[in-house]
>>> print(open('entry16.cif').read())   # mmCIF, C-alpha atoms
data_target
#
loop_
_atom_site.group_PDB
_atom_site.id
_atom_site.type_symbol
_atom_site.label_atom_id
_atom_site.label_comp_id
_atom_site.auth_asym_id
_atom_site.auth_seq_id
_atom_site.Cartn_x
_atom_site.Cartn_y
_atom_site.Cartn_z
ATOM 1 C CA ALA A 1 -55.022 3.434 -20.935
ATOM 2 C CA SER A 2 -52.390 5.422 -22.772
ATOM 3 C CA LYS A 3 -50.091 5.172 -19.781
ATOM 4 C CA SER A 4 -50.422 1.407 -19.501
ATOM 5 C CA ASN A 5 -49.385 0.955 -23.140
ATOM 6 C CA ARG A 6 -46.227 2.990 -22.824
ATOM 7 C CA ARG A 7 -42.982 1.069 -23.026
ATOM 8 C CA SER A 8 -40.110 1.753 -20.737
ATOM 9 C CA HIS A 9 -37.185 3.468 -22.442
ATOM 10 C CA HIS A 10 -34.769 2.913 -19.563
ATOM 11 C CA PRO A 11 -31.652 1.062 -20.730
ATOM 12 C CA PRO A 12 -31.222 -2.434 -19.300
ATOM 13 C CA THR A 13 -29.237 -2.533 -16.097
ATOM 14 C CA SER A 14 -25.770 -4.012 -16.608
ATOM 15 C CA LYS A 15 -24.476 -6.007 -13.689
ATOM 16 C CA LYS A 16 -20.750 -5.468 -13.291
ATOM 17 C CA ARG A 17 -18.731 -7.121 -10.585
ATOM 18 C CA LEU A 18 -15.985 -5.132 -8.928
ATOM 19 C CA ASN A 19 -12.980 -7.421 -8.799
ATOM 20 C CA LEU A 20 -11.587 -6.714 -5.341
ATOM 21 C CA HIS A 21 -8.707 -8.608 -3.792
ATOM 22 C CA SER A 22 -9.998 -7.691 -0.340
ATOM 23 C CA LEU A 23 -11.925 -5.032 1.541
ATOM 24 C CA TRP A 24 -11.067 -3.462 4.892
ATOM 25 C CA ILE A 25 -12.589 -0.592 6.859
ATOM 26 C CA ASN A 26 -10.432 1.635 9.057
ATOM 27 C CA TYR A 27 -12.033 3.626 11.858
ATOM 28 C CA ASN A 28 -9.458 6.325 12.524
ATOM 29 C CA PRO A 29 -9.964 7.921 15.971
ATOM 30 C CA SER A 30 -7.326 10.618 15.388
ATOM 31 C CA TRP A 31 -8.279 14.137 16.354
ATOM 32 C CA LYS A 32 -8.772 16.785 13.695
ATOM 33 C CA HIS A 33 -5.222 18.196 13.827
ATOM 34 C CA SER A 34 -3.548 14.872 13.098
ATOM 35 C CA ASN A 35 -2.398 14.090 9.553
ATOM 36 C CA ALA A 36 -2.342 10.308 10.133
ATOM 37 C CA ILE A 37 -4.432 8.629 7.439
ATOM 38 C CA PHE A 38 -4.755 5.280 9.225
ATOM 39 C CA SER A 39 -4.548 4.179 12.818
ATOM 40 C CA PHE A 40 -2.008 1.551 13.919
ATOM 41 C CA ASP A 41 -4.483 0.233 16.493
ATOM 42 C CA SER A 42 -5.571 -3.198 15.220
ATOM 43 C CA SER A 43 -8.991 -2.746 16.855
ATOM 44 C CA CYS A 44 -9.645 0.097 14.400
ATOM 45 C CA TRP A 45 -9.446 -2.257 11.410
ATOM 46 C CA HIS A 46 -12.381 -4.369 10.248
ATOM 47 C CA HIS A 47 -11.797 -7.090 7.651
ATOM 48 C CA VAL A 48 -14.838 -7.363 5.373
ATOM 49 C CA HIS A 49 -13.927 -9.463 2.346
ATOM 50 C CA GLY A 50 -11.179 -11.533 0.747
ATOM 51 C CA PRO A 51 -7.718 -12.590 1.962
ATOM 52 C CA ARG A 52 -6.293 -10.727 4.940
ATOM 53 C CA ALA A 53 -3.027 -9.914 3.146
ATOM 54 C CA ILE A 54 -1.361 -9.719 -0.242
ATOM 55 C CA ILE A 55 1.517 -12.200 -0.509
ATOM 56 C CA GLU A 56 4.554 -10.960 -2.436
ATOM 57 C CA HIS A 57 7.752 -12.802 -3.410
ATOM 58 C CA LEU A 58 11.018 -11.206 -4.482
ATOM 59 C CA THR A 59 13.364 -13.048 -6.827
ATOM 60 C CA PHE A 60 17.081 -12.578 -7.449
ATOM 61 C CA THR A 61 18.694 -13.705 -10.685
ATOM 62 C CA ASN A 62 21.970 -13.098 -12.485
ATOM 63 C CA ASN A 63 21.370 -9.686 -14.077
ATOM 64 C CA LYS A 64 24.875 -8.797 -15.202
ATOM 65 C CA ASN A 65 24.777 -10.940 -18.291
ATOM 66 C CA THR A 66 21.116 -10.766 -19.147
ATOM 67 C CA GLY A 67 20.390 -7.051 -18.700
ATOM 68 C CA TYR A 68 17.040 -5.731 -17.585
ATOM 69 C CA LYS A 69 13.928 -4.729 -19.454
ATOM 70 C CA SER A 70 11.804 -2.111 -17.769
ATOM 71 C CA LYS A 71 8.061 -2.414 -17.582
ATOM 72 C CA SER A 72 5.988 0.013 -19.618
ATOM 73 C CA ASN A 73 5.229 2.193 -16.592
ATOM 74 C CA ASP A 74 8.879 2.595 -15.526
ATOM 75 C CA VAL A 75 10.223 6.122 -15.232
ATOM 76 C CA ASN A 76 12.845 5.240 -17.820
ATOM 77 C CA GLY A 77 10.133 4.928 -20.425
ATOM 78 C CA GLY A 78 10.906 1.295 -21.117
ATOM 79 C CA GLY A 79 14.572 1.981 -21.787
ATOM 80 C CA GLY A 80 15.747 -0.300 -19.022
ATOM 81 C CA VAL A 81 18.442 -0.073 -16.383
ATOM 82 C CA PRO A 82 22.067 -0.581 -17.458
ATOM 83 C CA PRO A 83 23.061 -4.108 -16.371
ATOM 84 C CA LEU A 84 26.083 -2.889 -14.377
ATOM 85 C CA LEU A 85 23.758 -0.901 -12.092
ATOM 86 C CA LEU A 86 21.760 -3.995 -11.154
ATOM 87 C CA ALA A 87 22.463 -6.115 -8.137
ATOM 88 C CA ASN A 88 23.788 -9.595 -8.678
ATOM 89 C CA PRO A 89 23.451 -11.270 -5.260
ATOM 90 C CA THR A 90 23.706 -14.907 -4.326
ATOM 91 C CA PRO A 91 20.173 -16.321 -4.834
ATOM 92 C CA LEU A 92 18.196 -17.475 -1.834
ATOM 93 C CA GLY A 93 17.755 -21.200 -1.428
ATOM 94 C CA PHE A 94 14.112 -20.873 -0.348
ATOM 95 C CA PRO A 95 11.126 -18.604 -1.056
ATOM 96 C CA ILE A 96 10.163 -15.845 1.379
ATOM 97 C CA PRO A 97 6.452 -14.937 1.364
ATOM 98 C CA LEU A 98 6.010 -11.314 2.416
ATOM 99 C CA ASN A 99 2.638 -10.559 4.014
ATOM 100 C CA PHE A 100 1.137 -7.126 3.331
ATOM 101 C CA PRO A 101 -2.247 -6.337 4.898
ATOM 102 C CA PRO A 102 -3.371 -2.684 4.574
ATOM 103 C CA ASN A 103 -2.221 -1.691 8.083
ATOM 104 C CA VAL A 104 1.508 -2.099 7.351
ATOM 105 C CA PHE A 105 3.992 -0.307 5.107
ATOM 106 C CA ARG A 106 4.748 -1.662 1.645
ATOM 107 C CA GLN A 107 7.189 -0.181 -0.823
ATOM 108 C CA ALA A 108 5.302 1.314 -3.758
ATOM 109 C CA ASN A 109 7.834 0.003 -6.285
ATOM 110 C CA LEU A 110 8.884 -3.474 -5.195
ATOM 111 C CA ASP A 111 10.739 -4.036 -8.476
ATOM 112 C CA ALA A 112 13.145 -1.177 -7.727
ATOM 113 C CA PHE A 113 13.312 -2.028 -4.025
ATOM 114 C CA GLN A 114 14.216 -5.597 -4.938
ATOM 115 C CA ASN A 115 17.398 -4.269 -6.517
ATOM 116 C CA ILE A 116 18.231 -2.359 -3.304
ATOM 117 C CA ILE A 117 17.778 -5.552 -1.292
ATOM 118 C CA GLY A 118 20.002 -7.315 -3.795
ATOM 119 C CA ARG A 119 22.741 -4.767 -3.120
ATOM 120 C CA ILE A 120 22.366 -5.344 0.613
ATOM 121 C CA ARG A 121 22.706 -9.096 0.067
ATOM 122 C CA GLU A 122 25.872 -8.445 -1.910
ATOM 123 C CA ARG A 123 27.299 -6.362 0.945
ATOM 124 C CA VAL A 124 26.443 -8.942 3.610
ATOM 125 C CA GLN A 125 28.003 -11.644 1.442
ATOM 126 C CA SER A 126 31.173 -9.561 1.141
ATOM 127 C CA LEU A 127 31.316 -9.262 4.946
ATOM 128 C CA ARG A 128 31.231 -13.046 5.166
ATOM 129 C CA GLU A 129 34.066 -13.300 2.671
ATOM 130 C CA GLU A 130 36.293 -10.624 4.257
ATOM 131 C CA ASP A 131 39.148 -12.057 6.291
ATOM 132 C CA GLY A 132 38.339 -15.524 5.035
ATOM 133 C CA GLU A 133 40.797 -17.065 7.446
ATOM 134 C CA ASP A 134 38.731 -15.750 10.350
ATOM 135 C CA ASP A 135 36.227 -18.541 10.922
ATOM 136 C CA LYS A 136 34.715 -16.592 13.807
ATOM 137 C CA ARG A 137 33.448 -13.923 11.383
ATOM 138 C CA LYS A 138 31.722 -16.561 9.246
ATOM 139 C CA ASN A 139 30.254 -18.320 12.260
ATOM 140 C CA ASP A 140 29.060 -15.182 14.036
ATOM 141 C CA LEU A 141 27.443 -12.541 11.835
ATOM 142 C CA ALA A 142 24.674 -10.943 13.915
ATOM 143 C CA CYS A 143 22.264 -8.522 12.211
ATOM 144 C CA LEU A 144 20.083 -5.799 13.735
ATOM 145 C CA GLU A 145 17.355 -4.164 11.656
ATOM 146 C CA LEU A 146 15.616 -0.871 12.520
ATOM 147 C CA TYR A 147 12.426 0.295 10.756
ATOM 148 C CA GLY A 148 12.073 -3.336 9.718
ATOM 149 C CA GLY A 149 8.427 -3.241 8.621
ATOM 150 C CA VAL A 150 7.255 -6.775 7.888
ATOM 151 C CA GLY A 151 10.872 -7.913 7.434
ATOM 152 C CA THR A 152 11.215 -7.117 3.743
ATOM 153 C CA ILE A 153 14.967 -6.498 3.973
ATOM 154 C CA GLY A 154 15.974 -8.510 7.020
ATOM 155 C CA LEU A 155 14.323 -11.758 5.976
ATOM 156 C CA HIS A 156 16.194 -11.587 2.679
ATOM 157 C CA VAL A 157 19.564 -11.791 4.439
ATOM 158 C CA SER A 158 18.420 -14.408 6.964
ATOM 159 C CA ASP A 159 20.363 -17.129 5.153
ATOM 160 C CA MET A 160 23.601 -15.133 5.428
ATOM 161 C CA VAL A 161 23.553 -14.127 9.106
ATOM 162 C CA THR A 162 23.701 -16.181 12.285
ATOM 163 C CA SER A 163 21.000 -14.093 13.984
ATOM 164 C CA LEU A 164 18.535 -11.377 13.000
ATOM 165 C CA VAL A 165 16.672 -9.023 15.316
ATOM 166 C CA SER A 166 14.183 -6.952 13.333
ATOM 167 C CA SER A 167 12.252 -4.079 14.891
ATOM 168 C CA ASP A 168 9.554 -1.533 14.122
ATOM 169 C CA GLU A 169 7.018 0.570 16.037
ATOM 170 C CA ASN A 170 3.955 -0.586 14.069
ATOM 171 C CA PRO A 171 2.478 -3.416 16.192
ATOM 172 C CA ASN A 172 0.769 -4.931 13.151
ATOM 173 C CA ASN A 173 4.121 -5.899 11.627
ATOM 174 C CA LEU A 174 4.803 -8.687 14.115
ATOM 175 C CA LYS A 175 2.004 -10.938 12.868
ATOM 176 C CA CYS A 176 3.140 -10.452 9.257
ATOM 177 C CA PHE A 177 6.733 -11.225 10.209
ATOM 178 C CA ASP A 178 5.669 -14.366 12.075
ATOM 179 C CA GLU A 179 3.528 -15.519 9.134
ATOM 180 C CA SER A 180 6.544 -15.249 6.839
ATOM 181 C CA VAL A 181 8.914 -16.924 9.279
ATOM 182 C CA ARG A 182 6.515 -19.851 9.692
ATOM 183 C CA GLU A 183 7.122 -20.751 6.027
ATOM 184 C CA LEU A 184 10.930 -20.747 6.274
ATOM 185 C CA PRO A 185 13.229 -23.718 6.936
ATOM 186 C CA ALA A 186 13.558 -24.674 10.609
ATOM 187 C CA HIS A 187 17.264 -23.801 10.802
ATOM 188 C CA ILE A 188 16.441 -20.282 9.563
ATOM 189 C CA ARG A 189 13.410 -19.781 11.835
ATOM 190 C CA SER A 190 15.484 -20.401 14.946
ATOM 191 C CA ARG A 191 17.699 -17.357 14.295
ATOM 192 C CA LEU A 192 14.926 -14.765 13.782
ATOM 193 C CA VAL A 193 13.457 -12.410 16.421
ATOM 194 C CA TYR A 194 11.135 -9.383 16.181
ATOM 195 C CA ARG A 195 10.911 -6.466 18.637
ATOM 196 C CA LYS A 196 7.931 -4.093 18.687
ATOM 197 C CA LYS A 197 9.951 -0.920 19.304
ATOM 198 C CA ASN A 198 10.714 2.227 17.371
ATOM 199 C CA ALA A 199 14.297 3.059 16.440
ATOM 200 C CA ALA A 200 14.791 5.568 19.288
ATOM 201 C CA ASP A 201 13.667 3.019 21.884
ATOM 202 C CA MET A 202 15.928 0.382 20.370
ATOM 203 C CA VAL A 203 18.922 2.721 20.650
ATOM 204 C CA ALA A 204 18.013 3.689 24.222
ATOM 205 C CA SER A 205 17.270 0.203 25.558
ATOM 206 C CA GLU A 206 19.199 -2.282 23.418
ATOM 207 C CA GLY A 207 22.793 -1.145 23.795
ATOM 208 C CA ALA A 208 24.130 -4.660 24.234
ATOM 209 C CA LEU A 209 22.363 -5.759 21.069
ATOM 210 C CA PHE A 210 23.961 -2.934 19.092
ATOM 211 C CA ARG A 211 27.415 -3.749 20.413
ATOM 212 C CA LYS A 212 27.299 -7.390 19.395
ATOM 213 C CA SER A 213 25.784 -6.778 15.944
ATOM 214 C CA HIS A 214 28.024 -6.921 12.890
ATOM 215 C CA VAL A 215 25.370 -5.728 10.435
ATOM 216 C CA LEU A 216 23.014 -2.787 11.041
ATOM 217 C CA ILE A 217 20.140 -2.220 8.592
#
>>> encode(input="entry16.cif", output="structure tokens")
Amino acid sequence: ASKSNRRSHHPPTSKKRLNLHSLWINYNPSWKHSNAIFSFDSSCWHHVHGPRAIIEHLTFTNNKNTGYKSKSNDVNGGGGVPPLLLANPTPLGFPIPLNFPPNVFRQANLDAFQNIIGRIRERVQSLREEDGEDDKRKNDLACLELYGGVGTIGLHVSDMVTSLVSSDENPNNLKCFDESVRELPAHIRSRLVYRKKNAADMVASEGALFRKSHVLI
């Protein structure tokens, strides 16, 4: 009887939901002496929950006059980057959605990498403006990209070049690249190609492509 009258002193169970963007499982078949964390093989990835990729957009604005305020977690301690060190490229006329599932490479600091891409846009723009009397240069600016990933750099100069061949050894990048390209204007889509090859294979087998390219990333 005494047991039946006892009250439970266990605290009430609190139901907390884990706010996940998505959940994937990777079955890595690598042998014990490999230091590869994930496998490139798409059959080793199982999508469990949520969207299949994170969609990121980079933006380019006029930084020289406005300066830059660092986020609280920046290495500069919130002090900011001097405006003259920031890129000031010609803005893109259309958005580029970058697709990042877990089986591809993504820069850890996209804010800083965005500034690097801005510098590359500035350089490509300067190539277009060099020898302005040479219309052939403006009408034929071919670009070849090695270690292209999902196209993070190459796609952001696609409006400045007449053709872009991006390449990378990770086979999962191609789908991400194609997903991004599908959202671009038709006249841009027609100039974009992706090759599933590593840099060494590109050098060994794509000599003609290297010779006709004006921009190498």
>>> closest_residue(input="entry16.cif", among="A:Thr90, A:Ser126, A:Thr59, A:Ser167", to="Gln114 of chain A", atoms="all atoms listed in the file")
A:Thr59
>>> closest_residue(input="entry16.cif", among="A:Asn115, A:Asn170, A:Thr162, A:Asn109", to="Ser190 of chain A", atoms="all atoms listed in the file")
A:Thr162
>>> atom_distance(input="entry16.cif", atom1="atom CA of Arg17 of chain A", atom2="atom CA of Pro51 of chain A")
17.6 Å
>>> resolve_selection(input="entry16.cif", expression="the PyMOL selection byres ((chain A and resi 153) around 10)", output="ChimeraX atom specification")
/A:113-114,116-118,120-121,145,147-152,154-158,166,217
>>> resolve_selection(input="entry16.cif", expression="the PyMOL selection byres ((chain A and resi 39) around 12)", output="list of chain:residue names")
A:Ile25, A:Asn26, A:Tyr27, A:Asn28, A:Pro29, A:Ser30, A:Trp31, A:Ser34, A:Asn35, A:Ala36, A:Ile37, A:Phe38, A:Phe40, A:Asp41, A:Ser42, A:Ser43, A:Cys44, A:Trp45, A:His46, A:Pro102, A:Asn103, A:Val104, A:Asn170, A:Pro171, A:Asn172
>>> atom_distance(input="entry16.cif", atom1="atom CA of Phe210 of chain A", atom2="atom CA of Glu122 of chain A")
21.8 Å
